[in-house]
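Trainee: Here it is: the structure, laid out below.
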Amino acid sequence: MKSPRKVLMVAPLIFLLTVHTSASPAYDDQPSTRHSDGHVCIGCVLVVSMIEQLVQVHNSTVQTSMERLCSYLPEKLFLKTTCYVVVRMFGPDIIKLLEAKLNADVVCHTLKFCKQDPGQPLCHLYPLPKTYSRSDSDICSLPFLAKICQKIKLAIENSLPFKDTDSDKYSVFPTLRGYHWRGRDCNDNDKMVYPGRRPNSWDVHQDSNCNGIWGVDPKDGIPYEKKFCEGSQPRGIILLGDSAGAHFHIPPEWITASQMSLKSFFNLPAALTDELNWPQLSGATGFLNSTSGLKENSIYLRLRKRNRCNHRDYQNISRNGASSQNLESFIESLSRNQLLDHPAIVIYAMIGNDVCNGKTNPVPAMTTPEKLFSKVMQTLQYLDSHLPNGSHVILFGLPDGTFLWDNLHNRYHPLGQLNKDVTYEHFYSFLNCLQVSPCHGWMSSNRTLRTLTSERAEQLSSTLKRIATSQKFANFNLFYMDFDFREIMEEWRKRGGQPWQLIEPVDGFHPNEVALQLLADGFWKKAQLQWPQVLGKENPFNHQIEQVFGDQGGH
């Protein structure tokens, strides 16, 4: 894994485009220095572009625009303080270069945050840069930031809650792999109390599984857990996924000068400590009300509505850059005890990184069907040794990502909307030149390459389908489901939307919150039709549970 130290080199906002590729080995088991430098370059160009556009929007000086940007940032995580430190360190040079009418590319090349390796093309989003000299510096070396950098690094490396007093893999803290990612612990001093376990003595004296149902009905002396949950087939939802499953998201207002205000960055600290992911709003395990306005809910919330005994039983075991080939490095963060816990629905959704990488020639680095088969079987064997009997595993296929280029390439990226100078074609080309594109194969003007990438994705999906139809396991049933994004686009068109509105605007790659909700809706409808046993029964006591326990302690 790459350290956050380099990512923080320019300013806190460098996280915005870089953490999801630099925090974990997304495209290489041994990431190169060039990749790390590329992430820093993207961050620098992003931040300097924002400063340059703030000058235009507010008709102000460069100094005032830098201070304005810093003033928008929250105090949490020392973001505001760090920003002012960066301004003191680099401000004079940035002012000198921007006042000389040089653009963000030139500034970042001359400050040595963007580099040209021998024999490699010069990467630029705007006109070609000139030269200027400036020494590097590392913000994470500042004493007040060293601990923050280390916290983020540990949480990302381990995929486990940073704050977990009893080491049961559950937390009372939201971010740093806390309850945004898995159900909130209701007793962080007792490792035998956690979401998803079978109740201890029907939870007469305490809530051992954190579903908010415990105690004894004084009218008949029957424990509430026994009365309301026995025989209701409780189950949890576990996602084994990548950045799409974790809901990687950079709000456009963070980088759009015309939309920036004091309110723009209020959620930045939480986002940074969740690796720029928003699992609390994801399609699989989201538990907060949607910000998109759609009525559709996550798979977890649907399971909870179906049976309120499932309250808090969710785990989002996703990582930026995850694929079939590196899942083994963090699958042990999954929490399930075969003897003590309820069964679970496990969704395996490595939907991109087996065909997506940022290499100049991405095809040789794509996972082959043979390698996929081997690693998925290894994963399934691990699950069979850890999941309680009666569980279910669904293998998700890979999408045809040609919709990215088809729907975005001639549209303006948020960085280009003010001056109409950067389209997604330009943005994709810049990422590909730096070899840090999340998916060179699909985010490319090369039609042949896009076709080859889709063909490999189809081969891998066929392999997953073959595994699901031919392999049997002792503790779970195995199913396969297509990841048909075109079906989602068609549904969105019926509602009056356009396909480009389903893609994250800043990175131009990930499905956004609307798309994830529609995907969850499609999953639920198909499961109800094809495998209703996966979802379990509807609990006839749901109304009584709500009457007695209200929101069951919330999330």
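So you can find residues: chains in the structure tokens are A, B, ... in the order shown, residues in each start at 1, and ligands are numbered from 1 in order.
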Give me the residues of region 283-349 of chain A that have any atom at most 7 Å from an atom of region 230-244 of chain A; for each, the nearest atom pair and the distance in Å, rounded to one decimal. Use only C-alpha atoms, sort by chain and number, and format it as JSON lines.
Mentor:
{"residue": "A:Ala284", "atom": "CA", "partner": "A:Leu239", "partner_atom": "CA", "distance": 6.8}
{"residue": "A:Tyr300", "atom": "CA", "partner": "A:Ile237", "partner_atom": "CA", "distance": 6.3}
{"residue": "A:Cys309", "atom": "CA", "partner": "A:Pro234", "partner_atom": "CA", "distance": 6.1}
{"residue": "A:Asn310", "atom": "CA", "partner": "A:Pro234", "partner_atom": "CA", "distance": 5.6}
{"residue": "A:Asp313", "atom": "CA", "partner": "A:Gly236", "partner_atom": "CA", "distance": 4.7}
{"residue": "A:Tyr314", "atom": "CA", "partner": "A:Ile237", "partner_atom": "CA", "distance": 4.9}
{"residue": "A:Gln315", "atom": "CA", "partner": "A:Ile238", "partner_atom": "CA", "distance": 4.7}
{"residue": "A:Asn316", "atom": "CA", "partner": "A:Leu239", "partner_atom": "CA", "distance": 5.0}
{"residue": "A:Ile317", "atom": "CA", "partner": "A:Leu240", "partner_atom": "CA", "distance": 5.0}
{"residue": "A:Ser318", "atom": "CA", "partner": "A:Gly241", "partner_atom": "CA", "distance": 4.2}
{"residue": "A:Arg319", "atom": "CA", "partner": "A:Asp242", "partner_atom": "CA", "distance": 4.9}
{"residue": "A:Asn320", "atom": "CA", "partner": "A:Ser243", "partner_atom": "CA", "distance": 4.3}
{"residue": "A:Gly321", "atom": "CA", "partner": "A:Asp242", "partner_atom": "CA", "distance": 6.0}
{"residue": "A:Ala322", "atom": "CA", "partner": "A:Asp242", "partner_atom": "CA", "distance": 4.7}
{"residue": "A:Ser323", "atom": "CA", "partner": "A:Asp242", "partner_atom": "CA", "distance": 6.9}
{"residue": "A:His342", "atom": "CA", "partner": "A:Arg235", "partner_atom": "CA", "distance": 5.6}
{"residue": "A:Pro343", "atom": "CA", "partner": "A:Arg235", "partner_atom": "CA", "distance": 5.2}
{"residue": "A:Ala344", "atom": "CA", "partner": "A:Gly236", "partner_atom": "CA", "distance": 4.5}
{"residue": "A:Ile345", "atom": "CA", "partner": "A:Ile237", "partner_atom": "CA", "distance": 4.9}
{"residue": "A:Val346", "atom": "CA", "partner": "A:Ile238", "partner_atom": "CA", "distance": 4.7}
{"residue": "A:Ile347", "atom": "CA", "partner": "A:Leu239", "partner_atom": "CA", "distance": 4.9}
{"residue": "A:Tyr348", "atom": "CA", "partner": "A:Leu240", "partner_atom": "CA", "distance": 4.9}
{"residue": "A:Ala349", "atom": "CA", "partner": "A:Gly241", "partner_atom": "CA", "distance": 4.9}
Trainee: Filtering to C-alpha atoms, could you give me those residues as an mmCIF file, in the first residue's frame?
Mentor:
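Final output, selection-v4.cif:
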data_model
loop_
_atom_site.group_PDB
_atom_site.id
_atom_site.type_symbol
_atom_site.label_atom_id
_atom_site.label_comp_id
_atom_site.auth_asym_id
_atom_site.auth_seq_id
_atom_site.Cartn_x
_atom_site.Cartn_y
_atom_site.Cartn_z
ATOM 1 C CA ALA A 284 -25.562 -2.745 -0.532
ATOM 2 C CA TYR A 300 -29.551 -3.787 3.957
ATOM 3 C CA CYS A 309 -34.450 -8.591 13.805
ATOM 4 C CA ASN A 310 -31.784 -7.913 11.127
ATOM 5 C CA ASP A 313 -26.356 -6.664 10.691
ATOM 6 C CA TYR A 314 -24.357 -5.298 7.753
ATOM 7 C CA GLN A 315 -20.692 -5.360 6.741
ATOM 8 C CA ASN A 316 -19.142 -3.504 3.835
ATOM 9 C CA ILE A 317 -15.843 -5.310 3.302
ATOM 10 C CA SER A 318 -14.830 -3.223 0.308
ATOM 11 C CA ARG A 319 -11.576 -1.555 -0.555
ATOM 12 C CA ASN A 320 -10.494 0.930 -3.180
ATOM 13 C CA GLY A 321 -8.599 -0.978 -5.846
ATOM 14 C CA ALA A 322 -9.858 -4.402 -4.722
ATOM 15 C CA SER A 323 -9.981 -7.275 -7.187
ATOM 16 C CA HIS A 342 -26.683 -15.875 12.141
ATOM 17 C CA PRO A 343 -26.308 -16.870 8.477
ATOM 18 C CA ALA A 344 -25.395 -14.138 6.001
ATOM 19 C CA ILE A 345 -25.999 -13.084 2.426
ATOM 20 C CA VAL A 346 -22.578 -12.422 0.906
ATOM 21 C CA ILE A 347 -22.363 -10.443 -2.321
ATOM 22 C CA TYR A 348 -19.085 -10.844 -4.193
ATOM 23 C CA ALA A 349 -18.851 -7.770 -6.438
#
Trainee: Output as a list in words all residues of region 230-427 of chain A that backbone DSSP marks as strand (DSSP E).
Mentor: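 So, restricting region 230-427 of chain A to strand (DSSP E), we get Gly236, Ile237, Ile238, Leu239, Leu240, Gly241, Tyr314, Gln315, Asn316, Ile317, Ser318, Ala344, Ile345, Val346, Ile347, Tyr348, Ala349, Ser391, His392, Val393, Ile394, Leu395 and Phe396 of chain A.
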Trainee: May I have the selected residues written with C-alpha atoms, as a compact mmCIF listing (two decimals), in the first residue's frame?
Mentor:
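Dumped to selection.txt:
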# COMPACT_ATOMS: atom_id res chain seq x y z
CA GLY A 236 -26.98 -10.24 7.68
CA ILE A 237 -25.68 -8.68 4.49
CA ILE A 238 -21.95 -8.71 3.70
CA LEU A 239 -20.42 -7.07 0.65
CA LEU A 240 -17.02 -8.14 -0.66
CA GLY A 241 -16.37 -5.29 -3.06
CA TYR A 314 -24.36 -5.30 7.75
CA GLN A 315 -20.69 -5.36 6.74
CA ASN A 316 -19.14 -3.50 3.83
CA ILE A 317 -15.84 -5.31 3.30
CA SER A 318 -14.83 -3.22 0.31
CA ALA A 344 -25.39 -14.14 6.00
CA ILE A 345 -26.00 -13.08 2.43
CA VAL A 346 -22.58 -12.42 0.91
CA ILE A 347 -22.36 -10.44 -2.32
CA TYR A 348 -19.09 -10.84 -4.19
CA ALA A 349 -18.85 -7.77 -6.44
CA SER A 391 -25.81 -18.67 4.26
CA HIS A 392 -25.98 -17.58 0.61
CA VAL A 393 -23.29 -16.21 -1.72
CA ILE A 394 -24.04 -14.28 -4.91
CA LEU A 395 -21.30 -13.72 -7.49
CA PHE A 396 -21.80 -10.52 -9.45
Trainee: Env of Gln378 (chain A): 12 Å cut, atoms = only C-alpha atoms, seq-sep filter 3 positions within chain, self excluded. Answer as an mmCIF file with C-alpha atoms, in the first residue's frame.
Mentor:
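See selection28.cif below for the written result:
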data_model
loop_
_atom_site.group_PDB
_atom_site.id
_atom_site.type_symbol
_atom_site.label_atom_id
_atom_site.label_comp_id
_atom_site.auth_asym_id
_atom_site.auth_seq_id
_atom_site.Cartn_x
_atom_site.Cartn_y
_atom_site.Cartn_z
ATOM 1 C CA SER A 324 -10.173 -11.047 -7.190
ATOM 2 C CA GLN A 325 -6.386 -11.070 -7.037
ATOM 3 C CA ASN A 326 -5.927 -9.077 -3.810
ATOM 4 C CA LEU A 327 -9.099 -9.853 -1.840
ATOM 5 C CA GLU A 328 -7.140 -12.358 0.242
ATOM 6 C CA ILE A 331 -10.957 -10.822 3.596
ATOM 7 C CA LYS A 371 -6.451 -16.704 -12.561
ATOM 8 C CA LEU A 372 -9.944 -15.537 -11.722
ATOM 9 C CA PHE A 373 -11.167 -19.103 -11.302
ATOM 10 C CA SER A 374 -8.303 -19.910 -8.944
ATOM 11 C CA LYS A 375 -8.725 -16.834 -6.735
ATOM 12 C CA GLN A 381 -13.350 -21.972 0.330
ATOM 13 C CA TYR A 382 -12.510 -19.309 2.906
ATOM 14 C CA LEU A 383 -16.179 -18.337 3.142
ATOM 15 C CA ASP A 384 -17.227 -21.970 3.521
ATOM 16 C CA SER A 385 -14.966 -22.257 6.549
ATOM 17 C CA ILE A 467 -18.337 -21.444 -10.933
#
Trainee: Find the residues near region 278-280 of chain A: any atom within 12 Å, counting only C-alpha atoms, skip ones fewer than 3 places away on the same chain, and give them as a PDB file with N, CA and C atoms, in the first residue's frame.
Mentor:
ATOM      1  N   PRO A 174     -17.806   6.304  13.862  1.00  0.00           N
ATOM      2  CA  PRO A 174     -18.349   6.123  12.511  1.00  0.00           C
ATOM      3  C   PRO A 174     -17.325   5.846  11.420  1.00  0.00           C
ATOM      4  N   THR A 175     -16.250   6.632  11.365  1.00  0.00           N
ATOM      5  CA  THR A 175     -15.310   6.523  10.244  1.00  0.00           C
ATOM      6  C   THR A 175     -14.093   5.698  10.627  1.00  0.00           C
ATOM      7  N   LEU A 176     -13.038   5.780   9.801  1.00  0.00           N
ATOM      8  CA  LEU A 176     -11.852   4.944  10.011  1.00  0.00           C
ATOM      9  C   LEU A 176     -12.275   3.481  10.186  1.00  0.00           C
ATOM     10  N   ARG A 177     -13.122   3.037   9.246  1.00  0.00           N
ATOM     11  CA  ARG A 177     -13.648   1.663   9.190  1.00  0.00           C
ATOM     12  C   ARG A 177     -14.563   1.319  10.360  1.00  0.00           C
ATOM     13  N   GLY A 178     -15.218   2.338  10.921  1.00  0.00           N
ATOM     14  CA  GLY A 178     -16.171   2.113  11.999  1.00  0.00           C
ATOM     15  C   GLY A 178     -17.557   1.800  11.473  1.00  0.00           C
ATOM     16  N   TYR A 179     -18.609   2.312  12.134  1.00  0.00           N
ATOM     17  CA  TYR A 179     -19.961   1.841  11.829  1.00  0.00           C
ATOM     18  C   TYR A 179     -20.533   2.382  10.525  1.00  0.00           C
ATOM     19  N   HIS A 180     -19.823   3.260   9.831  1.00  0.00           N
ATOM     20  CA  HIS A 180     -20.218   3.524   8.444  1.00  0.00           C
ATOM     21  C   HIS A 180     -20.041   2.272   7.595  1.00  0.00           C
ATOM     22  N   TRP A 181     -19.145   1.395   8.024  1.00  0.00           N
ATOM     23  CA  TRP A 181     -18.783   0.203   7.242  1.00  0.00           C
ATOM     24  C   TRP A 181     -19.441  -1.072   7.748  1.00  0.00           C
ATOM     25  N   ARG A 182     -19.711  -1.153   9.030  1.00  0.00           N
ATOM     26  CA  ARG A 182     -20.337  -2.351   9.628  1.00  0.00           C
ATOM     27  C   ARG A 182     -21.137  -1.924  10.835  1.00  0.00           C
ATOM     28  N   GLY A 183     -22.137  -2.713  11.194  1.00  0.00           N
ATOM     29  CA  GLY A 183     -23.086  -2.316  12.228  1.00  0.00           C
ATOM     30  C   GLY A 183     -22.433  -1.788  13.494  1.00  0.00           C
ATOM     31  N   ARG A 184     -23.051  -0.786  14.095  1.00  0.00           N
ATOM     32  CA  ARG A 184     -22.483  -0.152  15.286  1.00  0.00           C
ATOM     33  C   ARG A 184     -22.520  -1.088  16.479  1.00  0.00           C
ATOM     34  N   LEU A 239     -20.904  -7.363   1.995  1.00  0.00           N
ATOM     35  CA  LEU A 239     -20.420  -7.069   0.647  1.00  0.00           C
ATOM     36  C   LEU A 239     -18.912  -7.236   0.595  1.00  0.00           C
ATOM     37  N   GLY A 241     -16.348  -6.145  -1.888  1.00  0.00           N
ATOM     38  CA  GLY A 241     -16.375  -5.293  -3.065  1.00  0.00           C
ATOM     39  C   GLY A 241     -15.155  -4.416  -3.232  1.00  0.00           C
ATOM     40  N   ASP A 242     -15.266  -3.539  -4.222  1.00  0.00           N
ATOM     41  CA  ASP A 242     -14.214  -2.582  -4.543  1.00  0.00           C
ATOM     42  C   ASP A 242     -14.729  -1.175  -4.265  1.00  0.00           C
ATOM     43  N   SER A 243     -14.134  -0.168  -4.900  1.00  0.00           N
ATOM     44  CA  SER A 243     -14.532   1.212  -4.614  1.00  0.00           C
ATOM     45  C   SER A 243     -15.961   1.511  -5.045  1.00  0.00           C
ATOM     46  N   ALA A 244     -16.472   0.799  -6.045  1.00  0.00           N
ATOM     47  CA  ALA A 244     -17.869   0.992  -6.439  1.00  0.00           C
ATOM     48  C   ALA A 244     -18.798   0.530  -5.316  1.00  0.00           C
ATOM     49  N   GLY A 245     -18.506  -0.618  -4.721  1.00  0.00           N
ATOM     50  CA  GLY A 245     -19.319  -1.127  -3.622  1.00  0.00           C
ATOM     51  C   GLY A 245     -19.217  -0.273  -2.374  1.00  0.00           C
ATOM     52  N   ALA A 246     -18.046   0.351  -2.165  1.00  0.00           N
ATOM     53  CA  ALA A 246     -17.861   1.238  -1.018  1.00  0.00           C
ATOM     54  C   ALA A 246     -18.473   2.612  -1.269  1.00  0.00           C
ATOM     55  N   HIS A 247     -18.898   2.865  -2.501  1.00  0.00           N
ATOM     56  CA  HIS A 247     -19.461   4.147  -2.952  1.00  0.00           C
ATOM     57  C   HIS A 247     -18.427   5.261  -2.867  1.00  0.00           C
ATOM     58  N   PHE A 248     -17.411   5.146  -3.731  1.00  0.00           N
ATOM     59  CA  PHE A 248     -16.411   6.196  -3.865  1.00  0.00           C
ATOM     60  C   PHE A 248     -17.083   7.419  -4.477  1.00  0.00           C
ATOM     61  N   HIS A 249     -16.882   8.578  -3.832  1.00  0.00           N
ATOM     62  CA  HIS A 249     -17.613   9.766  -4.268  1.00  0.00           C
ATOM     63  C   HIS A 249     -16.871  11.029  -3.871  1.00  0.00           C
ATOM     64  N   ILE A 250     -16.652  11.916  -4.849  1.00  0.00           N
ATOM     65  CA  ILE A 250     -16.100  13.241  -4.606  1.00  0.00           C
ATOM     66  C   ILE A 250     -17.164  14.255  -5.000  1.00  0.00           C
ATOM     67  N   PRO A 251     -17.760  14.964  -4.044  1.00  0.00           N
ATOM     68  CA  PRO A 251     -18.790  15.938  -4.399  1.00  0.00           C
ATOM     69  C   PRO A 251     -18.244  16.980  -5.372  1.00  0.00           C
ATOM     70  N   ASN A 267     -18.515  18.039   5.221  1.00  0.00           N
ATOM     71  CA  ASN A 267     -18.383  16.582   5.338  1.00  0.00           C
ATOM     72  C   ASN A 267     -17.028  16.084   4.868  1.00  0.00           C
ATOM     73  N   LEU A 268     -16.096  16.987   4.611  1.00  0.00           N
ATOM     74  CA  LEU A 268     -14.775  16.570   4.152  1.00  0.00           C
ATOM     75  C   LEU A 268     -14.015  15.725   5.171  1.00  0.00           C
ATOM     76  N   ALA A 270     -15.069  13.621   7.476  1.00  0.00           N
ATOM     77  CA  ALA A 270     -15.608  12.252   7.485  1.00  0.00           C
ATOM     78  C   ALA A 270     -15.240  11.521   6.210  1.00  0.00           C
ATOM     79  N   ALA A 271     -15.314  12.226   5.080  1.00  0.00           N
ATOM     80  CA  ALA A 271     -14.998  11.581   3.805  1.00  0.00           C
ATOM     81  C   ALA A 271     -13.535  11.157   3.750  1.00  0.00           C
ATOM     82  N   LEU A 272     -12.636  12.007   4.229  1.00  0.00           N
ATOM     83  CA  LEU A 272     -11.214  11.657   4.203  1.00  0.00           C
ATOM     84  C   LEU A 272     -10.933  10.426   5.056  1.00  0.00           C
ATOM     85  N   THR A 273     -11.565  10.361   6.237  1.00  0.00           N
ATOM     86  CA  THR A 273     -11.315   9.226   7.121  1.00  0.00           C
ATOM     87  C   THR A 273     -12.130   7.998   6.723  1.00  0.00           C
ATOM     88  N   ASP A 274     -12.946   8.116   5.690  1.00  0.00           N
ATOM     89  CA  ASP A 274     -13.580   6.948   5.062  1.00  0.00           C
ATOM     90  C   ASP A 274     -12.964   6.674   3.689  1.00  0.00           C
ATOM     91  N   GLU A 275     -11.776   7.226   3.448  1.00  0.00           N
ATOM     92  CA  GLU A 275     -11.032   6.968   2.203  1.00  0.00           C
ATOM     93  C   GLU A 275     -11.769   7.485   0.970  1.00  0.00           C
ATOM     94  N   GLY A 283     -25.242   1.167  -2.118  1.00  0.00           N
ATOM     95  CA  GLY A 283     -26.380   0.375  -2.550  1.00  0.00           C
ATOM     96  C   GLY A 283     -26.560  -0.908  -1.771  1.00  0.00           C
ATOM     97  N   ALA A 284     -25.470  -1.474  -1.252  1.00  0.00           N
ATOM     98  CA  ALA A 284     -25.562  -2.745  -0.532  1.00  0.00           C
ATOM     99  C   ALA A 284     -25.814  -2.553   0.953  1.00  0.00           C
ATOM    100  N   THR A 285     -25.042  -1.682   1.600  1.00  0.00           N
ATOM    101  CA  THR A 285     -25.091  -1.604   3.065  1.00  0.00           C
ATOM    102  C   THR A 285     -25.469  -0.224   3.592  1.00  0.00           C
ATOM    103  N   GLY A 286     -25.897   0.687   2.735  1.00  0.00           N
ATOM    104  CA  GLY A 286     -26.262   2.020   3.205  1.00  0.00           C
ATOM    105  C   GLY A 286     -27.371   1.975   4.235  1.00  0.00           C
ATOM    106  N   PHE A 287     -27.263   2.825   5.266  1.00  0.00           N
ATOM    107  CA  PHE A 287     -28.300   2.859   6.298  1.00  0.00           C
ATOM    108  C   PHE A 287     -28.881   4.259   6.493  1.00  0.00           C
ATOM    109  N   LEU A 288     -28.305   5.256   5.830  1.00  0.00           N
ATOM    110  CA  LEU A 288     -28.846   6.608   5.923  1.00  0.00           C
ATOM    111  C   LEU A 288     -29.852   6.851   4.805  1.00  0.00           C
ATOM    112  N   ASN A 289     -30.741   7.809   5.026  1.00  0.00           N
ATOM    113  CA  ASN A 289     -31.687   8.175   3.979  1.00  0.00           C
ATOM    114  C   ASN A 289     -30.926   8.705   2.767  1.00  0.00           C
ATOM    115  N   SER A 290     -31.373   8.318   1.602  1.00  0.00           N
ATOM    116  CA  SER A 290     -30.695   8.701   0.379  1.00  0.00           C
ATOM    117  C   SER A 290     -30.693  10.211   0.182  1.00  0.00           C
ATOM    118  N   THR A 291     -29.604  10.715  -0.392  1.00  0.00           N
ATOM    119  CA  THR A 291     -29.535  12.136  -0.738  1.00  0.00           C
ATOM    120  C   THR A 291     -29.986  12.382  -2.177  1.00  0.00           C
ATOM    121  N   ASN A 297     -34.250   1.920  -1.578  1.00  0.00           N
ATOM    122  CA  ASN A 297     -33.334   1.801  -0.453  1.00  0.00           C
ATOM    123  C   ASN A 297     -32.250   0.778  -0.741  1.00  0.00           C
ATOM    124  N   SER A 298     -31.260   0.752   0.143  1.00  0.00           N
ATOM    125  CA  SER A 298     -30.177  -0.228   0.017  1.00  0.00           C
ATOM    126  C   SER A 298     -30.692  -1.637   0.287  1.00  0.00           C
ATOM    127  N   ILE A 299     -29.888  -2.615  -0.050  1.00  0.00           N
ATOM    128  CA  ILE A 299     -30.255  -4.011   0.225  1.00  0.00           C
ATOM    129  C   ILE A 299     -30.384  -4.225   1.731  1.00  0.00           C
ATOM    130  N   TYR A 300     -29.463  -3.639   2.505  1.00  0.00           N
ATOM    131  CA  TYR A 300     -29.551  -3.787   3.957  1.00  0.00           C
ATOM    132  C   TYR A 300     -30.867  -3.237   4.502  1.00  0.00           C
ATOM    133  N   LEU A 301     -31.237  -2.022   4.096  1.00  0.00           N
ATOM    134  CA  LEU A 301     -32.471  -1.432   4.626  1.00  0.00           C
ATOM    135  C   LEU A 301     -33.695  -2.231   4.217  1.00  0.00           C
ATOM    136  N   ARG A 312     -28.904  -3.592  12.156  1.00  0.00           N
ATOM    137  CA  ARG A 312     -27.449  -3.378  12.276  1.00  0.00           C
ATOM    138  C   ARG A 312     -26.595  -4.521  11.751  1.00  0.00           C
ATOM    139  N   TYR A 314     -24.922  -5.574   9.077  1.00  0.00           N
ATOM    140  CA  TYR A 314     -24.357  -5.298   7.753  1.00  0.00           C
ATOM    141  C   TYR A 314     -22.843  -5.137   7.872  1.00  0.00           C
ATOM    142  N   GLN A 315     -22.142  -5.545   6.821  1.00  0.00           N
ATOM    143  CA  GLN A 315     -20.692  -5.360   6.741  1.00  0.00           C
ATOM    144  C   GLN A 315     -20.331  -4.996   5.312  1.00  0.00           C
ATOM    145  N   ASN A 316     -19.644  -3.892   5.147  1.00  0.00           N
ATOM    146  CA  ASN A 316     -19.142  -3.504   3.835  1.00  0.00           C
ATOM    147  C   ASN A 316     -17.635  -3.744   3.818  1.00  0.00           C
ATOM    148  N   ILE A 317     -17.258  -4.926   3.354  1.00  0.00           N
ATOM    149  CA  ILE A 317     -15.843  -5.310   3.302  1.00  0.00           C
ATOM    150  C   ILE A 317     -15.333  -4.978   1.902  1.00  0.00           C
ATOM    151  N   SER A 318     -15.272  -3.693   1.619  1.00  0.00           N
ATOM    152  CA  SER A 318     -14.830  -3.223   0.308  1.00  0.00           C
ATOM    153  C   SER A 318     -13.571  -2.388   0.473  1.00  0.00           C
ATOM    154  N   ARG A 319     -12.795  -2.348  -0.590  1.00  0.00           N
ATOM    155  CA  ARG A 319     -11.576  -1.555  -0.555  1.00  0.00           C
ATOM    156  C   ARG A 319     -11.325  -0.947  -1.924  1.00  0.00           C
ATOM    157  N   ASN A 320     -10.864   0.295  -1.929  1.00  0.00           N
ATOM    158  CA  ASN A 320     -10.494   0.930  -3.180  1.00  0.00           C
ATOM    159  C   ASN A 320      -9.376   0.134  -3.856  1.00  0.00           C
ATOM    160  N   ASN A 512     -22.764   6.416  -9.528  1.00  0.00           N
ATOM    161  CA  ASN A 512     -23.079   7.333  -8.435  1.00  0.00           C
ATOM    162  C   ASN A 512     -24.185   6.776  -7.546  1.00  0.00           C
ATOM    163  N   GLU A 513     -24.645   7.586  -6.614  1.00  0.00           N
ATOM    164  CA  GLU A 513     -25.625   7.100  -5.642  1.00  0.00           C
ATOM    165  C   GLU A 513     -26.929   6.658  -6.302  1.00  0.00           C
ATOM    166  N   LEU A 516     -26.330   3.276  -7.867  1.00  0.00           N
ATOM    167  CA  LEU A 516     -26.216   2.222  -6.857  1.00  0.00           C
ATOM    168  C   LEU A 516     -27.577   1.848  -6.282  1.00  0.00           C
ATOM    169  N   HIS A 555     -28.819   3.699  14.121  1.00  0.00           N
ATOM    170  CA  HIS A 555     -27.622   3.118  13.518  1.00  0.00           C
ATOM    171  C   HIS A 555     -26.361   3.812  14.026  1.00  0.00           C
TER     172      HIS A 555
END
Trainee: As a ChimeraX atom specification, list the residues of region 394-497 of chain A assigned to helix (DSSP H, G or I) by DSSP on the backbone atoms of this structure.
Mentor: /A:403-408,414-416,424-434,447-470,485-494
Trainee: Counting only C-alpha atoms, figure out which residue out of A:Tyr428, A:Ser470, A:Glu332, A:Asp400 gets nearest to Asp482 (chain A).
Mentor: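 Closest to Asp482 (chain A) of all the choices is A:Asp400.
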Trainee: With distances taken over only C-alpha atoms, which residue among A:Asp117, A:Leu334, A:Leu408, A:Asn539 lies nearest Pro161 (chain A)?
Mentor: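 Among the listed residues, A:Leu334 lies closest to Pro161 (chain A).
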Trainee: Show me, as a list of chain:residue names, the residues that have an atom within 10 Å of Pro92 (chain A) when counting only C-alpha atoms, minus same-chain residues fewer than 4 positions from it.
Mentor: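 Everything that qualifies: A:Val62, A:Gln63, A:Val87, A:Arg88, A:Lys96, A:Leu97.
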Trainee: Store the residues of this selection in a file with N, CA and C atoms, as a PDB file, in the first residue's frame.
Mentor:
ATOM      1  N   VAL A  62      -4.737  36.179  -6.405  1.00  0.00           N
ATOM      2  CA  VAL A  62      -4.374  34.781  -6.123  1.00  0.00           C
ATOM      3  C   VAL A  62      -4.273  34.569  -4.616  1.00  0.00           C
ATOM      4  N   GLN A  63      -3.650  35.524  -3.902  1.00  0.00           N
ATOM      5  CA  GLN A  63      -3.509  35.408  -2.457  1.00  0.00           C
ATOM      6  C   GLN A  63      -4.874  35.309  -1.788  1.00  0.00           C
ATOM      7  N   VAL A  87      -0.143  27.289   2.097  1.00  0.00           N
ATOM      8  CA  VAL A  87      -0.115  28.614   1.470  1.00  0.00           C
ATOM      9  C   VAL A  87       1.176  29.340   1.825  1.00  0.00           C
ATOM     10  N   ARG A  88       1.599  29.222   3.092  1.00  0.00           N
ATOM     11  CA  ARG A  88       2.855  29.874   3.477  1.00  0.00           C
ATOM     12  C   ARG A  88       4.051  29.249   2.759  1.00  0.00           C
ATOM     13  N   LYS A  96       3.360  33.976  -8.046  1.00  0.00           N
ATOM     14  CA  LYS A  96       4.273  34.415  -9.108  1.00  0.00           C
ATOM     15  C   LYS A  96       3.921  33.768 -10.443  1.00  0.00           C
ATOM     16  N   LEU A  97       3.621  32.459 -10.397  1.00  0.00           N
ATOM     17  CA  LEU A  97       3.358  31.721 -11.635  1.00  0.00           C
ATOM     18  C   LEU A  97       1.980  32.041 -12.206  1.00  0.00           C
TER      19      LEU A  97
END
Trainee: With a distance cut-off of 10 Å and only C-alpha atoms, select the neighbouring residues of region 498-502 of chain A, excluding the residue or stretch itself and same-chain residues fewer than 4 positions from it, and output the selection as a list in words.
Mentor: Phe403, Leu404, Trp405, Asp406, Asn407, Leu408, Arg411, Phe485, Arg486, Ile488, Met489, Glu490, Glu491, Trp492, Arg493, Lys494, Gly508, Phe509, His510, Pro511, Asn512, Glu513, Val514, Ala515, Leu516 and Leu518 of chain A
Trainee: Counting only C-alpha atoms, which of A:His124, A:Arg306, A:Lys163, A:Arg336 gets nearest to Tyr194 (chain A)?
Mentor: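 Checking each of A:His124, A:Arg306, A:Lys163, A:Arg336 against Tyr194 (chain A), counting only C-alpha atoms, the winner is A:Arg336.
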